[in-house]
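K.L.:
Sharing data_33.cif, mmCIF, C-alpha atoms:
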data_structure
loop_
_atom_site.label_atom_id
_atom_site.label_comp_id
_atom_site.auth_asym_id
_atom_site.auth_seq_id
_atom_site.Cartn_x
_atom_site.Cartn_y
_atom_site.Cartn_z
CA MET A 1 9.94 5.73 -28.75
CA LYS A 2 9.68 2.03 -28.05
CA SER A 3 8.20 1.20 -24.66
CA ILE A 4 10.10 -1.06 -22.27
CA LEU A 5 6.93 -3.18 -22.13
CA GLU A 6 7.07 -4.20 -25.80
CA GLY A 7 7.98 -7.86 -26.17
CA ARG A 8 7.82 -8.43 -22.40
CA PRO A 9 4.36 -9.87 -21.67
CA ALA A 10 5.03 -10.68 -18.00
CA LEU A 11 6.22 -7.15 -17.25
CA GLU A 12 3.34 -5.70 -19.25
CA ARG A 13 0.82 -7.75 -17.22
CA GLU A 14 2.36 -6.45 -14.02
CA ILE A 15 2.16 -2.83 -15.14
CA ASN A 16 -1.39 -3.35 -16.39
CA GLN A 17 -2.38 -4.72 -12.98
CA ILE A 18 -0.93 -1.59 -11.36
CA ALA A 19 -2.97 0.51 -13.78
CA GLU A 20 -6.09 -1.52 -12.95
CA VAL A 21 -5.66 -0.89 -9.22
CA ALA A 22 -5.05 2.82 -9.87
CA GLY A 23 -8.40 2.90 -11.65
CA TYR A 24 -10.14 1.26 -8.70
CA LEU A 25 -8.62 3.78 -6.28
CA TRP A 26 -9.93 6.65 -8.39
CA GLN A 27 -13.38 5.10 -8.88
CA LYS A 28 -13.79 4.66 -5.14
CA GLY A 29 -12.94 8.30 -4.49
CA TRP A 30 -9.78 7.38 -2.59
CA ALA A 31 -7.37 9.16 -4.93
CA GLU A 32 -8.36 12.82 -5.22
CA ARG A 33 -6.17 14.91 -7.55
CA ASN A 34 -2.68 13.38 -7.24
CA GLY A 35 -3.41 11.62 -3.94
CA GLY A 36 -1.92 8.22 -3.20
CA ASN A 37 1.09 6.23 -4.34
CA ILE A 38 2.01 2.82 -5.70
CA THR A 39 5.48 1.26 -5.70
CA VAL A 40 6.16 -2.28 -6.94
CA ASN A 41 9.38 -4.29 -7.03
CA ILE A 42 9.61 -5.52 -10.65
CA THR A 43 13.17 -6.88 -10.47
CA GLU A 44 12.01 -10.41 -11.32
CA TYR A 45 10.87 -9.20 -14.76
CA VAL A 46 14.16 -7.47 -15.63
CA ASP A 47 16.26 -9.06 -18.37
CA ASP A 48 19.80 -8.32 -19.55
CA GLU A 49 18.56 -5.84 -22.14
CA ILE A 50 16.79 -3.81 -19.47
CA LYS A 51 19.87 -3.94 -17.26
CA ALA A 52 21.87 -2.42 -20.12
CA LEU A 53 19.47 0.47 -20.67
CA PRO A 54 21.04 3.89 -20.06
CA ALA A 55 19.61 6.30 -17.52
CA ILE A 56 17.19 8.91 -18.80
CA SER A 57 17.60 11.10 -15.72
CA ASP A 58 20.31 12.50 -13.53
CA VAL A 59 21.34 10.49 -10.49
CA LYS A 60 18.80 11.18 -7.74
CA GLN A 61 19.31 10.71 -4.00
CA ILE A 62 16.93 8.58 -1.93
CA GLY A 63 17.91 10.35 1.28
CA VAL A 64 18.78 7.16 3.13
CA THR A 65 21.04 4.15 2.48
CA LEU A 66 19.11 0.92 1.88
CA PRO A 67 21.51 -2.00 1.30
CA ASN A 68 18.94 -4.66 0.48
CA ILE A 69 17.56 -2.93 -2.62
CA LYS A 70 20.94 -2.60 -4.36
CA GLY A 71 20.47 -3.21 -8.09
CA CYS A 72 16.70 -3.60 -7.79
CA TYR A 73 14.12 -2.13 -10.17
CA PHE A 74 10.84 -0.52 -9.14
CA TYR A 75 7.80 0.87 -10.88
CA CYS A 76 6.78 4.08 -9.09
CA LYS A 77 3.82 6.40 -9.54
CA GLY A 78 5.03 9.86 -10.55
CA THR A 79 4.97 12.83 -8.23
CA GLY A 80 2.03 15.11 -8.95
CA LYS A 81 0.45 12.48 -11.23
CA ARG A 82 -3.19 11.45 -10.97
CA MET A 83 -4.33 7.88 -10.39
CA ARG A 84 -7.06 8.32 -12.98
CA ASP A 85 -4.38 9.14 -15.57
CA LEU A 86 -2.09 6.34 -14.41
CA ALA A 87 -4.98 3.94 -14.97
CA ARG A 88 -4.99 4.85 -18.66
CA TRP A 89 -1.34 5.64 -19.29
CA PRO A 90 0.83 3.94 -16.66
CA MET A 91 4.14 4.56 -18.39
CA GLU A 92 3.41 8.26 -18.81
CA ASN A 93 2.35 8.78 -15.22
CA GLY A 94 4.95 6.60 -13.57
CA SER A 95 8.43 5.35 -14.29
CA ILE A 96 10.83 2.48 -13.76
CA ILE A 97 13.85 3.21 -11.61
CA ARG A 98 17.13 1.38 -11.00
CA ILE A 99 18.77 1.48 -7.56
CA LEU A 100 22.49 2.19 -7.90
CA ASP A 101 25.36 0.35 -6.22
CA ASP A 102 25.71 2.90 -3.43
CA CYS A 103 22.21 1.86 -2.25
CA ALA A 104 21.45 5.54 -1.66
CA SER A 105 20.60 6.79 -5.14
CA TYR A 106 18.72 5.83 -8.27
CA VAL A 107 18.15 6.71 -11.91
CA ILE A 108 15.07 6.56 -14.09
CA ILE A 109 15.43 4.14 -17.01
CA ALA A 110 11.96 4.01 -18.66
CA ASP A 111 9.76 5.05 -20.34
CA ASN A 112 9.81 8.76 -19.54
CA PRO A 113 11.75 10.85 -17.00
CA VAL A 114 8.78 11.03 -14.62
CA ASN A 115 10.03 11.81 -11.13
CA PRO A 116 8.77 9.27 -8.58
CA THR A 117 6.46 10.15 -5.73
CA SER A 118 7.73 12.45 -3.01
CA GLU A 119 7.04 9.57 -0.61
CA LEU A 120 9.55 7.34 -2.42
CA PRO A 121 11.92 7.15 0.60
CA SER A 122 9.09 5.77 2.72
CA HIS A 123 8.14 3.21 0.08
CA LEU A 124 11.75 2.15 -0.51
CA MET A 125 12.37 1.78 3.23
CA LEU A 126 9.47 -0.66 3.29
CA GLN A 127 10.76 -2.48 0.21
CA ASP A 128 14.22 -2.74 1.75
CA TYR A 129 12.78 -4.38 4.86
CA LEU A 130 10.53 -6.72 2.86
CA ILE A 131 13.55 -8.02 0.93
CA ALA A 132 15.64 -8.37 4.10
CA SER A 133 12.89 -10.31 5.86
CA GLY A 134 12.67 -12.86 3.06
CA THR A 135 8.98 -12.30 2.41
CA ASN A 136 7.44 -12.53 -1.05
CA TYR A 137 5.83 -9.10 -0.62
CA LYS A 138 6.65 -6.80 -3.55
CA ALA A 139 3.97 -4.09 -3.58
CA SER A 140 3.16 -1.09 -1.42
CA VAL A 141 0.00 0.99 -1.90
CA HIS A 142 -0.91 4.26 -0.18
CA THR A 143 -4.38 5.74 -0.59
CA HIS A 144 -7.08 7.77 1.23
CA PRO A 145 -10.16 5.58 1.97
CA ILE A 146 -12.94 7.99 2.89
CA GLU A 147 -14.70 6.08 5.69
CA LEU A 148 -11.49 4.89 7.35
CA VAL A 149 -10.08 8.43 7.33
CA ALA A 150 -13.32 9.68 8.88
CA MET A 151 -13.17 7.07 11.66
CA SER A 152 -9.56 8.02 12.45
CA HIS A 153 -10.79 11.45 13.58
CA ASN A 154 -12.49 9.78 16.56
CA ALA A 155 -10.17 9.30 19.56
CA ARG A 156 -11.73 5.87 20.15
CA PHE A 157 -10.35 4.59 16.87
CA GLN A 158 -6.89 6.02 17.34
CA ASP A 159 -6.27 2.91 19.42
CA SER A 160 -5.15 0.16 17.04
CA LYS A 161 -6.62 -2.71 19.08
CA GLU A 162 -10.03 -1.12 19.44
CA TRP A 163 -10.21 -0.06 15.79
CA THR A 164 -9.16 -3.49 14.56
CA ARG A 165 -11.68 -5.19 16.87
CA VAL A 166 -14.53 -3.10 15.52
CA LEU A 167 -13.56 -3.51 11.85
CA TRP A 168 -13.03 -7.26 12.11
CA SER A 169 -16.37 -7.71 13.87
CA MET A 170 -18.46 -6.04 11.15
CA ILE A 171 -18.29 -8.85 8.56
CA PRO A 172 -16.48 -12.23 8.55
CA GLU A 173 -14.53 -11.52 5.36
CA THR A 174 -12.58 -8.68 6.97
CA LEU A 175 -10.98 -10.96 9.55
CA ALA A 176 -10.42 -13.63 6.89
CA PHE A 177 -8.76 -11.37 4.34
CA ALA A 178 -7.06 -8.78 6.57
CA PRO A 179 -5.97 -11.06 9.44
CA LEU A 180 -2.88 -9.20 10.69
CA ALA A 181 -4.69 -6.26 12.28
CA LEU A 182 -4.55 -2.57 11.45
CA GLY A 183 -1.57 -0.61 12.76
CA MET A 184 -1.97 3.05 13.64
CA VAL A 185 0.59 5.84 13.31
CA PRO A 186 -0.39 9.04 15.18
CA TYR A 187 -0.50 12.07 12.92
CA GLU A 188 2.82 13.08 11.35
CA MET A 189 3.65 15.43 8.52
CA PRO A 190 3.07 13.71 5.15
CA SER A 191 6.30 12.59 3.44
CA SER A 192 8.28 13.12 6.65
CA VAL A 193 11.06 10.84 7.88
CA LYS A 194 9.15 10.37 11.16
CA LEU A 195 6.13 9.06 9.27
CA ALA A 196 8.28 6.69 7.22
CA GLU A 197 10.11 5.37 10.28
CA ALA A 198 6.91 4.86 12.27
CA THR A 199 5.31 2.97 9.38
CA LEU A 200 8.34 0.73 8.96
CA GLU A 201 8.39 -0.03 12.69
CA LEU A 202 4.79 -1.27 12.56
CA VAL A 203 5.48 -3.42 9.48
CA LYS A 204 8.36 -4.96 11.43
CA GLN A 205 5.83 -5.77 14.16
CA ASN A 206 3.89 -7.97 11.72
CA TYR A 207 1.32 -5.44 10.49
CA ASP A 208 0.87 -5.40 6.73
CA VAL A 209 -1.73 -2.63 6.81
CA VAL A 210 -0.80 0.62 8.57
CA PHE A 211 -3.04 3.65 8.99
CA TRP A 212 -1.77 7.23 9.12
CA GLU A 213 -4.11 9.10 11.45
CA LYS A 214 -6.35 11.63 9.66
CA HIS A 215 -4.49 10.95 6.40
CA GLY A 216 -4.70 7.52 4.79
CA ILE A 217 -3.52 3.94 4.70
CA VAL A 218 -0.48 1.94 3.53
CA ALA A 219 -0.66 -1.76 2.67
CA VAL A 220 2.15 -4.12 1.70
CA ALA A 221 1.46 -7.42 -0.03
CA PRO A 222 2.79 -9.96 -2.56
CA ASP A 223 1.27 -7.94 -5.39
CA VAL A 224 -0.58 -4.70 -5.93
CA MET A 225 -4.01 -6.36 -6.17
CA ASP A 226 -3.56 -8.09 -2.83
CA ALA A 227 -2.61 -4.76 -1.24
CA PHE A 228 -5.74 -3.16 -2.70
CA ASP A 229 -7.94 -6.04 -1.52
CA GLN A 230 -6.85 -5.62 2.10
CA ILE A 231 -7.67 -1.92 2.05
CA ASP A 232 -10.96 -2.63 0.31
CA VAL A 233 -12.21 -5.16 2.87
CA LEU A 234 -11.22 -2.91 5.79
CA ASN A 235 -13.03 0.05 4.28
CA LYS A 236 -16.10 -2.14 3.62
CA SER A 237 -16.22 -2.77 7.38
CA ALA A 238 -15.92 0.96 8.00
CA CYS A 239 -18.86 1.54 5.64
CA ILE A 240 -20.97 -1.07 7.48
CA TYR A 241 -20.14 0.49 10.83
CA MET A 242 -21.00 3.99 9.65
CA SER A 243 -24.21 2.80 7.98
CA ALA A 244 -25.36 1.31 11.27
CA LYS A 245 -24.47 4.52 13.11
CA ASN A 246 -26.41 6.53 10.53
CA MET A 247 -29.41 4.30 11.25
CA GLY A 248 -29.16 5.40 14.87
CA PHE A 249 -27.53 2.47 16.67
CA GLU A 250 -24.12 1.11 17.62
CA PRO A 251 -23.64 -2.19 15.72
CA ASP A 252 -23.14 -5.22 17.95
CA GLY A 253 -20.42 -6.76 15.78
CA MET A 254 -19.51 -10.44 15.88
CA THR A 255 -18.69 -11.88 19.26
CA ASP A 256 -15.19 -12.85 20.31
CA GLU A 257 -16.25 -16.49 20.06
CA ALA A 258 -17.48 -16.03 16.48
CA MET A 259 -14.23 -14.36 15.45
CA THR A 260 -12.18 -17.11 17.13
CA GLU A 261 -14.14 -19.71 15.15
CA ILE A 262 -13.35 -17.91 11.88
CA GLN A 263 -9.70 -17.76 12.88
CA GLU A 264 -9.59 -21.50 13.54
CA VAL A 265 -11.57 -22.58 10.46
CA PHE A 266 -9.51 -20.41 8.09
CA LYS A 267 -6.26 -21.17 9.97
CA LEU A 268 -5.54 -17.47 10.37
CA PRO A 269 -2.51 -16.06 12.19
CA LYS A 270 -3.22 -15.77 15.91
CA VAL A 271 -2.39 -12.11 16.27
CA ARG A 272 -5.82 -10.66 17.04
CA PRO A 273 -5.79 -7.91 19.65
CA THR A 274 -7.61 -8.55 22.90
CA VAL A 275 -11.34 -7.94 22.55
CA LYS A 276 -12.62 -5.61 25.24
#
If you convert what's in this file into structure tokens, what do you get?
P.N.:
Amino acid sequence: MKSILEGRPALEREINQIAEVAGYLWQKGWAERNGGNITVNITEYVDDEIKALPAISDVKQIGVTLPNIKGCYFYCKGTGKRMRDLARWPMENGSIIRILDDCASYVIIADNPVNPTSELPSHLMLQDYLIASGTNYKASVHTHPIELVAMSHNARFQDSKEWTRVLWSMIPETLAFAPLALGMVPYEMPSSVKLAEATLELVKQNYDVVFWEKHGIVAVAPDVMDAFDQIDVLNKSACIYMSAKNMGFEPDGMTDEAMTEIQEVFKLPKVRPTVK
């Protein structure tokens, strides 16, 4: 069967970038078994021929009405699919879906009837808000970074301001490339409506990286590589912090003055939490 990617180089590049990120998540050990999810708004790459494609699945309910994604198209990792397999065969381990006119249901249109992630409602709620807010963000990535998950088990780091302060202070690049702080959602059942709603609320508060306590992280960004990069720099800081602790000392971290200088030189958003 002909793939939807054939003859569409821009769409193929986008899907290949998703596959590349999936490979990185697996290589880093952040995507055990079928752990993690990727959802990307690909509507800009959809032509009239794609719009005319018939559904290859029954109509499926999202579980919530999302008016801003009406008629949009998304690439979604498949439920139960492994990131390491998606990295090699993205159109066999994920699918492209079309949101129907009722804004509450969707159909799969390509390449295979791979059911999207069970966390699709959460991802689509984020996508709906991103469209409504007028941002150019199109990608959402959820994964399980080992060191960040470990730190979230410590009550000290269940406070978003304290955790962000420590991570930003470990290395200048973290503040430069993840400047909007790290939101924290207290533990909720995975795939639950409460988890989705809490995540969306923090994104509305200007966080673009949100941590789920003792579970993992969600990042939204203009594209899937940008989302990965934010998670990567934050986890690098976690690794530096834990390396220092393993050497037997609490790392000093950069001073408030040093971080303010970075903020001013790089013209970063002034949303840093108060440094204790």
K.L.:
What do you get, as a list in words, if you spell out every residue that the PyMOL selection byres ((chain A and resi 253) around 12) selects here?
P.N.:
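That expression, the PyMOL selection byres ((chain A and resi 253) around 12), corresponds here to Thr164, Arg165, Val166, Leu167, Trp168, Ser169, Met170, Ile171, Pro172, Thr174, Ser237, Ala238, Ile240, Tyr241, Ala244, Phe249, Glu250, Pro251, Asp252, Met254, Thr255, Asp256, Glu257, Ala258, Met259 and Val275 of chain A.
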K.L.:
State, in Å with one decimal place, the distance from atom CA of Val141 of chain A to atom CA of Ile38 of chain A.
P.N.:
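Separation of atom CA of Val141 of chain A and atom CA of Ile38 of chain A: 4.7 Å.
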K.L.:
Considering all atoms listed in the file, return as a CSV table (one decimal) with C-alpha atoms, in the frame of the given file whatever protein or nucleic-acid residues lie within 8 Å of Gly78 of chain A, sequence-local ones (same chain, fewer than 5 positions apart) excluded.
P.N.:
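This went into result.csv:
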chain,number,residue,atom,x,y,z
A,93,ASN,CA,2.4,8.8,-15.2
A,94,GLY,CA,5.0,6.6,-13.6
A,95,SER,CA,8.4,5.4,-14.3
A,114,VAL,CA,8.8,11.0,-14.6
A,115,ASN,CA,10.0,11.8,-11.1
A,116,PRO,CA,8.8,9.3,-8.6
A,117,THR,CA,6.5,10.2,-5.7
K.L.:
Do you know which residues the PyMOL selection byres ((chain A and resi 59-67) around 8) returns on this file, as a PyMOL selection string?
P.N.:
chain A and resi 57-58+68-70+102-107+120-121+124-125+128
K.L.:
Take atom CA of Tyr129 of chain A and atom CA of Val203 of chain A and report the distance between them in Å, one decimal.
P.N.:
8.7 Å
K.L.:
Which of these residues is nearest to Ser191 of chain A, using only C-alpha atoms: A:Arg156, A:His123, A:Lys245, A:Lys214?
P.N.:
A:His123
K.L.:
Smallest atom-to-atom distance to Val218 of chain A: which of A:Phe177, A:Ile99, A:Asn37, A:Ile50, using all atoms listed in the file?
P.N.:
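For Val218 of chain A, the nearest of the given residues is A:Asn37.
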K.L.:
Need to verify the contact set: segment 261-267 of chain A, 9 Å, all atoms listed in the file, exclusion of same-chain residues closer than 6 positions in sequence. Can you return it as a ChimeraX atom specification?
P.N.:
/A:172,175-176,179
K.L.:
Please report the interatomic distance between atom CA of Met225 of chain A and atom CA of Ala19 of chain A in Å with one decimal.
P.N.:
10.3 Å
K.L.:
On this structure, which residues satisfy the PyMOL selection byres ((chain A and resi 145) around 10), written as a ChimeraX atom specification?
P.N.:
/A:25,28-31,142-144,146-150,215-217,231-232,234-236,238
K.L.:
My list of candidates is A:Tyr187, A:Leu126, A:Asn34, A:Ala155. Which is closest to Lys204 of chain A when distances are computed with all atoms listed in the file?
P.N.:
A:Leu126
K.L.:
Which is closest to Phe74 of chain A among A:Ser243, A:Asn206, A:Ser133, A:Thr43, if we use all atoms listed in the file?
P.N.:
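Residue with the minimum atom-to-atom distance to Phe74 of chain A: A:Thr43.
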K.L.:
Residues at most 6 Å from Pro222 of chain A, counting only C-alpha atoms, excluding those fewer than 2 positions away in the same chain, as an MDAnalysis selection string?
P.N.:
chainID A and resid 136:138
K.L.:
Taking only C-alpha atoms into account, which of A:Gln17, A:Ser122, A:Thr79, A:Thr39 comes nearest Leu200 of chain A?
P.N.:
A:Ser122
K.L.:
A:Tyr73, A:Tyr45, A:Tyr24, A:Phe211: which is nearest Leu5 of chain A, counting all atoms listed in the file?
P.N.:
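Under the stated criterion, the closest residue is A:Tyr45.
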K.L.:
Skip Met83 of chain A itself and residues of its chain fewer than 4 positions away, then list as a VMD selection string all residues within 8 Å of it, counting all atoms listed in the file.
P.N.:
chain A and resid 22 to 23 25 to 26 31 33 to 36 87
K.L.:
Please return the centre and edge lengths, in Å to one decimal, of a box with edges along x, y and z that contains all listed atoms of segment 87-99 of chain A, widened by 3 Å on every side, as lines of an AutoDock Vina configuration file.
P.N.:
center_x = 6.9
center_y = 5.1
center_z = -13.4
size_x = 29.8
size_y = 13.4
size_z = 17.7
